[in-house]
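S.K.: Structure file final04.cif (mmCIF, C-alpha atoms) is given on the next line.
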data_input
#
loop_
_atom_site.group_PDB
_atom_site.id
_atom_site.type_symbol
_atom_site.label_atom_id
_atom_site.label_comp_id
_atom_site.auth_asym_id
_atom_site.auth_seq_id
_atom_site.Cartn_x
_atom_site.Cartn_y
_atom_site.Cartn_z
ATOM 1 C CA MET S 5 28.818 -13.761 15.958
ATOM 2 C CA LYS S 6 32.501 -13.098 15.202
ATOM 3 C CA LYS S 7 33.195 -9.377 14.932
ATOM 4 C CA GLN S 8 36.609 -9.680 13.278
ATOM 5 C CA ARG S 9 35.401 -10.788 9.847
ATOM 6 C CA PRO S 10 36.942 -9.155 6.780
ATOM 7 C CA VAL S 11 34.426 -6.697 5.382
ATOM 8 C CA ASN S 12 34.728 -4.928 2.042
ATOM 9 C CA LEU S 13 32.097 -2.257 1.518
ATOM 10 C CA ASP S 14 33.959 -0.424 -1.266
ATOM 11 C CA LEU S 15 31.547 -1.290 -4.065
ATOM 12 C CA THR S 16 33.856 0.105 -6.762
ATOM 13 C CA THR S 17 36.351 -2.699 -6.049
ATOM 14 C CA ILE S 18 33.712 -5.413 -6.410
ATOM 15 C CA LYS S 19 33.151 -6.951 -9.840
ATOM 16 C CA MET S 20 29.424 -7.115 -10.522
ATOM 17 C CA HIS S 21 28.356 -10.435 -12.016
ATOM 18 C CA PRO S 22 24.983 -10.829 -13.834
ATOM 19 C CA ALA S 23 23.139 -12.049 -10.702
ATOM 20 C CA ALA S 24 24.395 -9.008 -8.750
ATOM 21 C CA ASN S 25 23.251 -6.685 -11.532
ATOM 22 C CA ALA S 26 19.853 -8.407 -11.632
ATOM 23 C CA SER S 27 19.523 -7.929 -7.881
ATOM 24 C CA ILE S 28 20.391 -4.221 -7.726
ATOM 25 C CA LEU S 29 18.261 -3.458 -10.787
ATOM 26 C CA HIS S 30 15.341 -5.170 -9.060
ATOM 27 C CA ARG S 31 15.801 -2.770 -6.164
ATOM 28 C CA VAL S 32 16.221 0.272 -8.428
ATOM 29 C CA SER S 33 13.139 -0.660 -10.469
ATOM 30 C CA GLY S 34 11.208 -1.121 -7.214
ATOM 31 C CA VAL S 35 12.074 2.395 -6.069
ATOM 32 C CA ILE S 36 11.113 3.727 -9.520
ATOM 33 C CA MET S 37 7.772 1.884 -9.243
ATOM 34 C CA VAL S 38 6.926 3.675 -5.968
ATOM 35 C CA PHE S 39 6.866 6.938 -7.950
ATOM 36 C CA ALA S 40 5.633 5.399 -11.217
ATOM 37 C CA ILE S 41 2.462 4.132 -9.523
ATOM 38 C CA GLY S 42 1.550 7.741 -8.702
ATOM 39 C CA ILE S 43 1.920 8.745 -12.361
ATOM 40 C CA LEU S 44 -0.030 5.694 -13.549
ATOM 41 C CA LEU S 45 -2.845 6.280 -11.021
ATOM 42 C CA LEU S 46 -3.106 9.925 -12.087
ATOM 43 C CA THR S 47 -3.246 8.819 -15.737
ATOM 44 C CA LEU S 48 -5.909 6.216 -14.903
ATOM 45 C CA SER S 49 -7.930 8.799 -12.978
ATOM 46 C CA ILE S 50 -7.985 11.324 -15.836
ATOM 47 C CA SER S 51 -8.608 8.681 -18.522
ATOM 48 C CA LEU S 52 -11.617 7.282 -16.626
ATOM 49 C CA SER S 53 -13.061 10.654 -15.579
ATOM 50 C CA SER S 54 -14.762 11.376 -18.927
ATOM 51 C CA ALA S 55 -14.433 10.961 -22.685
ATOM 52 C CA GLU S 56 -12.689 14.354 -22.718
ATOM 53 C CA GLY S 57 -10.238 13.146 -20.058
ATOM 54 C CA PHE S 58 -9.534 10.023 -22.120
ATOM 55 C CA ALA S 59 -8.894 12.165 -25.211
ATOM 56 C CA GLN S 60 -6.627 14.392 -23.108
ATOM 57 C CA ILE S 61 -4.472 11.389 -22.135
ATOM 58 C CA GLN S 62 -4.390 10.251 -25.764
ATOM 59 C CA GLY S 63 -3.207 13.733 -26.670
ATOM 60 C CA TYR S 64 -0.471 13.587 -24.017
ATOM 61 C CA LEU S 65 0.590 10.156 -25.334
ATOM 62 C CA ASP S 66 1.116 11.694 -28.775
ATOM 63 C CA GLY S 67 3.791 13.903 -27.205
ATOM 64 C CA ILE S 68 7.297 12.509 -26.859
ATOM 65 C CA PHE S 69 7.722 13.534 -23.195
ATOM 66 C CA PHE S 70 4.680 11.759 -21.730
ATOM 67 C CA LYS S 71 5.221 8.782 -24.055
ATOM 68 C CA PHE S 72 8.739 8.408 -22.670
ATOM 69 C CA ILE S 73 7.502 8.686 -19.059
ATOM 70 C CA ILE S 74 4.907 5.953 -19.610
ATOM 71 C CA PHE S 75 7.482 3.814 -21.438
ATOM 72 C CA GLY S 76 9.826 4.188 -18.446
ATOM 73 C CA CYS S 77 7.072 3.202 -16.004
ATOM 74 C CA LEU S 78 6.100 0.110 -18.024
ATOM 75 C CA SER S 79 9.708 -0.919 -18.610
ATOM 76 C CA ALA S 80 10.511 -0.621 -14.885
ATOM 77 C CA LEU S 81 7.359 -2.608 -14.076
ATOM 78 C CA THR S 82 8.339 -5.306 -16.587
ATOM 79 C CA TYR S 83 11.796 -5.648 -15.071
ATOM 80 C CA HIS S 84 10.495 -5.641 -11.489
ATOM 81 C CA VAL S 85 7.972 -8.392 -12.297
ATOM 82 C CA LEU S 86 10.546 -10.540 -14.158
ATOM 83 C CA ALA S 87 13.204 -10.211 -11.438
ATOM 84 C CA GLY S 88 10.517 -10.716 -8.791
ATOM 85 C CA VAL S 89 9.373 -13.973 -10.379
ATOM 86 C CA ARG S 90 13.046 -15.039 -10.532
ATOM 87 C CA HIS S 91 13.344 -14.330 -6.804
ATOM 88 C CA LEU S 92 10.209 -16.377 -6.122
ATOM 89 C CA CYS S 93 11.786 -19.259 -8.080
ATOM 90 C CA MET S 94 14.892 -18.884 -5.910
ATOM 91 C CA ASP S 95 12.685 -19.041 -2.804
ATOM 92 C CA LEU S 96 11.527 -22.420 -4.119
ATOM 93 C CA GLY S 97 15.140 -23.575 -4.434
ATOM 94 C CA HIS S 98 15.891 -22.978 -8.141
ATOM 95 C CA PHE S 99 18.756 -20.962 -9.731
ATOM 96 C CA GLU S 100 20.632 -20.813 -6.431
ATOM 97 C CA GLU S 101 24.003 -21.981 -7.773
ATOM 98 C CA LEU S 102 26.552 -19.568 -9.253
ATOM 99 C CA ALA S 103 26.133 -20.766 -12.846
ATOM 100 C CA SER S 104 22.338 -21.178 -12.862
ATOM 101 C CA GLY S 105 21.896 -17.886 -10.969
ATOM 102 C CA ASN S 106 23.914 -16.001 -13.572
ATOM 103 C CA THR S 107 22.134 -17.769 -16.428
ATOM 104 C CA SER S 108 18.677 -16.925 -15.074
ATOM 105 C CA ALA S 109 19.834 -13.333 -14.484
ATOM 106 C CA LYS S 110 20.969 -13.028 -18.117
ATOM 107 C CA LEU S 111 17.728 -14.653 -19.269
ATOM 108 C CA ILE S 112 15.472 -12.122 -17.500
ATOM 109 C CA MET S 113 17.602 -9.269 -18.909
ATOM 110 C CA ILE S 114 17.051 -10.590 -22.438
ATOM 111 C CA ILE S 115 13.290 -11.072 -21.846
ATOM 112 C CA TRP S 116 13.125 -7.595 -20.283
ATOM 113 C CA LEU S 117 14.826 -5.936 -23.275
ATOM 114 C CA ALA S 118 12.566 -7.873 -25.659
ATOM 115 C CA ILE S 119 9.344 -6.899 -23.841
ATOM 116 C CA SER S 120 10.572 -3.292 -23.487
ATOM 117 C CA ALA S 121 11.147 -3.211 -27.241
ATOM 118 C CA VAL S 122 7.608 -4.516 -27.831
ATOM 119 C CA ILE S 123 6.180 -1.871 -25.449
ATOM 120 C CA GLY S 124 8.240 0.789 -27.244
ATOM 121 C CA VAL S 125 6.960 -0.259 -30.669
ATOM 122 C CA TRP S 126 3.398 -0.418 -29.315
ATOM 123 C CA LEU S 127 3.597 3.091 -27.842
ATOM 124 C CA TRP S 128 5.263 4.686 -30.895
ATOM 125 C CA MET H 49 18.348 -6.696 14.045
ATOM 126 C CA VAL H 50 14.797 -6.410 12.708
ATOM 127 C CA SER H 51 12.800 -4.028 14.833
ATOM 128 C CA VAL H 52 9.197 -5.142 15.211
ATOM 129 C CA VAL H 53 7.777 -1.595 15.190
ATOM 130 C CA ALA H 54 8.841 -1.018 11.574
ATOM 131 C CA SER H 55 7.354 -4.216 10.164
ATOM 132 C CA VAL H 56 3.959 -4.452 8.472
ATOM 133 C CA GLY H 57 3.238 -7.948 9.760
ATOM 134 C CA ARG H 58 3.696 -9.369 13.228
ATOM 135 C CA ASN H 59 7.408 -10.050 12.673
ATOM 136 C CA GLY H 60 10.086 -10.490 10.019
ATOM 137 C CA VAL H 61 8.840 -13.901 8.935
ATOM 138 C CA HIS H 62 5.316 -12.518 8.552
ATOM 139 C CA ASP H 63 6.722 -9.638 6.450
ATOM 140 C CA PHE H 64 8.605 -12.183 4.308
ATOM 141 C CA ILE H 65 5.337 -13.988 3.560
ATOM 142 C CA LEU H 66 3.322 -10.763 3.086
ATOM 143 C CA LEU H 67 5.885 -9.420 0.582
ATOM 144 C CA ARG H 68 5.630 -12.579 -1.534
ATOM 145 C CA ALA H 69 1.865 -13.021 -1.225
ATOM 146 C CA SER H 70 1.279 -9.413 -2.297
ATOM 147 C CA ALA H 71 3.824 -9.883 -5.125
ATOM 148 C CA VAL H 72 1.777 -12.788 -6.516
ATOM 149 C CA ILE H 73 -1.398 -10.643 -6.509
ATOM 150 C CA LEU H 74 0.441 -7.790 -8.253
ATOM 151 C CA VAL H 75 1.892 -10.090 -10.929
ATOM 152 C CA LEU H 76 -1.570 -11.513 -11.656
ATOM 153 C CA TYR H 77 -3.064 -8.010 -11.889
ATOM 154 C CA THR H 78 -0.251 -6.897 -14.212
ATOM 155 C CA LEU H 79 -0.968 -9.914 -16.437
ATOM 156 C CA LEU H 80 -4.699 -9.043 -16.387
ATOM 157 C CA LEU H 81 -3.989 -5.506 -17.653
ATOM 158 C CA ALA H 82 -1.448 -6.788 -20.194
ATOM 159 C CA ALA H 83 -4.019 -9.321 -21.446
ATOM 160 C CA PHE H 84 -6.611 -6.535 -21.768
ATOM 161 C CA PHE H 85 -4.293 -4.512 -24.003
ATOM 162 C CA LEU H 86 -3.326 -7.624 -25.991
ATOM 163 C CA VAL H 87 -6.902 -8.661 -26.814
ATOM 164 C CA THR H 88 -8.164 -5.110 -27.374
ATOM 165 C CA PRO H 89 -6.914 -3.889 -30.760
ATOM 166 C CA SER H 90 -8.109 -0.305 -30.314
ATOM 167 C CA VAL H 91 -8.744 0.978 -26.795
ATOM 168 C CA THR H 92 -11.524 3.557 -26.910
ATOM 169 C CA TYR H 93 -13.034 5.406 -23.962
ATOM 170 C CA ASN H 94 -16.121 3.134 -23.966
ATOM 171 C CA VAL H 95 -14.064 -0.069 -23.925
ATOM 172 C CA TRP H 96 -11.743 1.357 -21.229
ATOM 173 C CA GLN H 97 -14.635 2.573 -19.083
ATOM 174 C CA GLU H 98 -16.615 -0.676 -19.403
ATOM 175 C CA PHE H 99 -13.542 -2.719 -18.434
ATOM 176 C CA PHE H 100 -13.060 -0.831 -15.161
ATOM 177 C CA ALA H 101 -16.810 -0.665 -14.514
ATOM 178 C CA CYS H 102 -16.892 -4.494 -14.451
ATOM 179 C CA ILE H 103 -17.269 -5.539 -10.821
ATOM 180 C CA SER H 104 -14.601 -8.273 -11.004
ATOM 181 C CA VAL H 105 -12.066 -5.786 -12.400
ATOM 182 C CA LYS H 106 -13.025 -3.342 -9.631
ATOM 183 C CA VAL H 107 -12.425 -6.000 -6.979
ATOM 184 C CA ALA H 108 -9.139 -7.038 -8.635
ATOM 185 C CA THR H 109 -8.013 -3.402 -8.778
ATOM 186 C CA MET H 110 -8.857 -2.708 -5.124
ATOM 187 C CA LEU H 111 -7.245 -5.988 -4.041
ATOM 188 C CA SER H 112 -4.105 -5.031 -5.978
ATOM 189 C CA LEU H 113 -4.066 -1.543 -4.434
ATOM 190 C CA LEU H 114 -4.179 -3.176 -1.008
ATOM 191 C CA ALA H 115 -1.407 -5.604 -2.031
ATOM 192 C CA LEU H 116 0.567 -2.638 -3.366
ATOM 193 C CA LEU H 117 0.357 -0.859 -0.007
ATOM 194 C CA VAL H 118 1.717 -3.900 1.833
ATOM 195 C CA HIS H 119 4.320 -4.726 -0.851
ATOM 196 C CA ALA H 120 5.670 -1.195 -1.243
ATOM 197 C CA LYS H 121 5.605 -0.499 2.506
ATOM 198 C CA ILE H 122 7.879 -3.485 3.120
ATOM 199 C CA GLY H 123 10.011 -2.680 0.051
ATOM 200 C CA VAL H 124 10.504 0.947 1.106
ATOM 201 C CA TRP H 125 11.411 -0.220 4.605
ATOM 202 C CA GLN H 126 14.010 -2.640 3.166
ATOM 203 C CA VAL H 127 15.621 0.074 1.054
ATOM 204 C CA LEU H 128 15.540 2.789 3.743
ATOM 205 C CA SER H 129 16.880 0.529 6.499
ATOM 206 C CA ASP H 130 19.771 -0.478 4.208
ATOM 207 C CA TYR H 131 20.889 2.977 3.104
ATOM 208 C CA ILE H 132 19.630 5.604 5.567
ATOM 209 C CA LYS H 133 21.514 5.210 8.833
ATOM 210 C CA PRO H 134 20.419 8.292 10.883
ATOM 211 C CA ALA H 135 17.306 7.103 12.746
ATOM 212 C CA PHE H 136 15.386 10.384 12.608
ATOM 213 C CA LEU H 137 15.870 10.834 8.862
ATOM 214 C CA ARG H 138 14.944 7.201 8.232
ATOM 215 C CA GLY H 139 11.814 7.555 10.360
ATOM 216 C CA THR H 140 10.836 10.768 8.590
ATOM 217 C CA LEU H 141 11.258 9.195 5.146
ATOM 218 C CA GLN H 142 9.378 6.103 6.296
ATOM 219 C CA PHE H 143 6.550 8.380 7.439
ATOM 220 C CA PHE H 144 6.538 10.274 4.120
ATOM 221 C CA PHE H 145 6.436 7.111 2.005
ATOM 222 C CA SER H 146 3.822 5.448 4.232
ATOM 223 C CA ILE H 147 1.540 8.471 3.775
ATOM 224 C CA LEU H 148 2.233 8.457 0.025
ATOM 225 C CA LEU H 149 1.330 4.760 -0.231
ATOM 226 C CA LEU H 150 -1.821 5.250 1.856
ATOM 227 C CA ALA H 151 -2.744 8.158 -0.431
ATOM 228 C CA TYR H 152 -2.262 5.842 -3.454
ATOM 229 C CA LEU H 153 -4.640 3.342 -1.867
ATOM 230 C CA LEU H 154 -7.364 5.935 -1.185
ATOM 231 C CA PHE H 155 -6.855 7.651 -4.553
ATOM 232 C CA GLY H 156 -7.040 4.308 -6.360
ATOM 233 C CA PHE H 157 -10.168 3.269 -4.464
ATOM 234 C CA SER H 158 -11.882 6.539 -5.325
ATOM 235 C CA ILE H 159 -10.953 6.120 -9.029
ATOM 236 C CA VAL H 160 -12.526 2.666 -9.440
ATOM 237 C CA TRP H 161 -15.367 3.466 -7.051
ATOM 238 C CA SER H 162 -16.683 6.274 -9.258
ATOM 239 C CA VAL H 163 -16.460 4.386 -12.574
#
Could you render the structure as structure tokens?

M.R.:
Amino acid sequence: MKKQRPVNLDLTTIKMHPAANASILHRVSGVIMVFAIGILLLTLSISLSSAEGFAQIQGYLDGIFFKFIIFGCLSALTYHVLAGVRHLCMDLGHFEELASGNTSAKLIMIIWLAISAVIGVWLW
Amino acid sequence: MVSVVASVGRNGVHDFILLRASAVILVLYTLLLAAFFLVTPSVTYNVWQEFFACISVKVATMLSLLALLVHAKIGVWQVLSDYIKPAFLRGTLQFFFSILLLAYLLFGFSIVWSV
């Protein structure tokens, strides 16, 4: 491998196109999910422990703080799944060109915002 | 260079396949839960408890927890090996997250086991 290649690692000088944004958000949402799973498992545990536990979670969900946490978890999950499916499509040879890659990136953003809005309405 | 000791599978190619195979399981499980909420107008404790008491849901949940361990282990490795350059710090974080993910697996198993 040639060692003398030009390398630019100054991210602030790089213009992020939609596909690049989709990629880094997939990574960010993945890291969020590592912690979100813990919250969701804890919620599942309490809600399944007893009728009182279930009522307790319902009570928490009436509060704005816990509602927002759960919304964040579900929104991150939605994005991670959408971007993940896009990556699987790319593994199969689709959306690999500049134009189609950017189009599919914009498409999953739109679907993500739409589903997030639905989740938001459903929770509130 | 991919170091074999840090991979979940036998090598990088195996990890590549494991990441995608576990992703498919997790997508299907997510759709299962989404479908449950879509077809259940009001989720009460009885409905919620009966859903997770169903043996097929238990198996799906435990399978997904296993897939999650593999998927997140590889994902955490990808992120850490990209951003954390000092080997000791990276190893320590890898250890911490591996334990966390194993704890998720055992915690999740114990949740569905007792329903």

S.K.: Atom CA of Phe69 of chain S to atom CA of Val38 of chain S: how many Å, to one decimal?

M.R.: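 Pair atom CA of Phe69 of chain S / atom CA of Val38 of chain S returns 19.9 Å.
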
S.K.: Would you pick out the contacts of segment 84-89 of chain H at 12 Å or less, using only C-alpha atoms, so that residues sharing its chain but fewer than 6 positions from it are not included, and give the list as a list in words?

M.R.: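 Final neighbour list, sorted by chain and number: Val122, Ile123, Trp126 and Leu127 of chain S; Tyr77, Thr78, Val95, Trp96, Glu98, Phe99, Phe100 and Val105 of chain H.
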
S.K.: Convert the output of the PyMOL selection byres ((chain H) within 9 of (chain S)) on the shown file into explicit residues, formatted as a list in words.

M.R.: Arg68, Ala71, Val72, Leu74, Val75, Thr78, Thr92, Tyr93, Asn94, Trp96, Gln97, Phe100, Ala120, Gly123, Val124, Val127, Phe145, Leu148, Leu149, Tyr152, Phe155, Gly156, Ser158, Ile159, Val160, Ser162 and Val163 of chain H

S.K.: To one decimal in Å, tell me the separation between atom CA of Ala23 of chain S and atom CA of Ala118 of chain S.

M.R.: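 Going from atom CA of Ala23 of chain S over to atom CA of Ala118 of chain S covers 18.8 Å.
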
S.K.: Exactly which residues make up the result of the PyMOL selection byres ((chain H and resi 56-67) around 10) on this file, given as a count of residues only?

M.R.: 22

S.K.: Please, what distance in Å, to one decimal, runs between atom CA of Asn25 of chain S and atom CA of Ala109 of chain S?

M.R.: 8.0 Å

S.K.: At a cut-off of 10 Å, using all atoms listed in the file, what residues contact Ile74 of chain S? Leave out same-chain residues fewer than 5 positions from it and give the result as a list in words.

M.R.: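 Answer for this query is Ala40, Ile43, Leu44, Thr47, Leu65, Phe69, Ser79, Ala80, Ile123, Gly124 and Leu127 of chain S.
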
S.K.: Starting from 4 Å padding per side, set up an axis-aligned box that covers all listed atoms of segment 76-83 of chain S and hand over centre and edge lengths in Å, one decimal, as JSON.

M.R.:
{"center_x": 8.9, "center_y": -0.7, "center_z": -16.3, "size_x": 13.7, "size_y": 17.8, "size_z": 12.5}
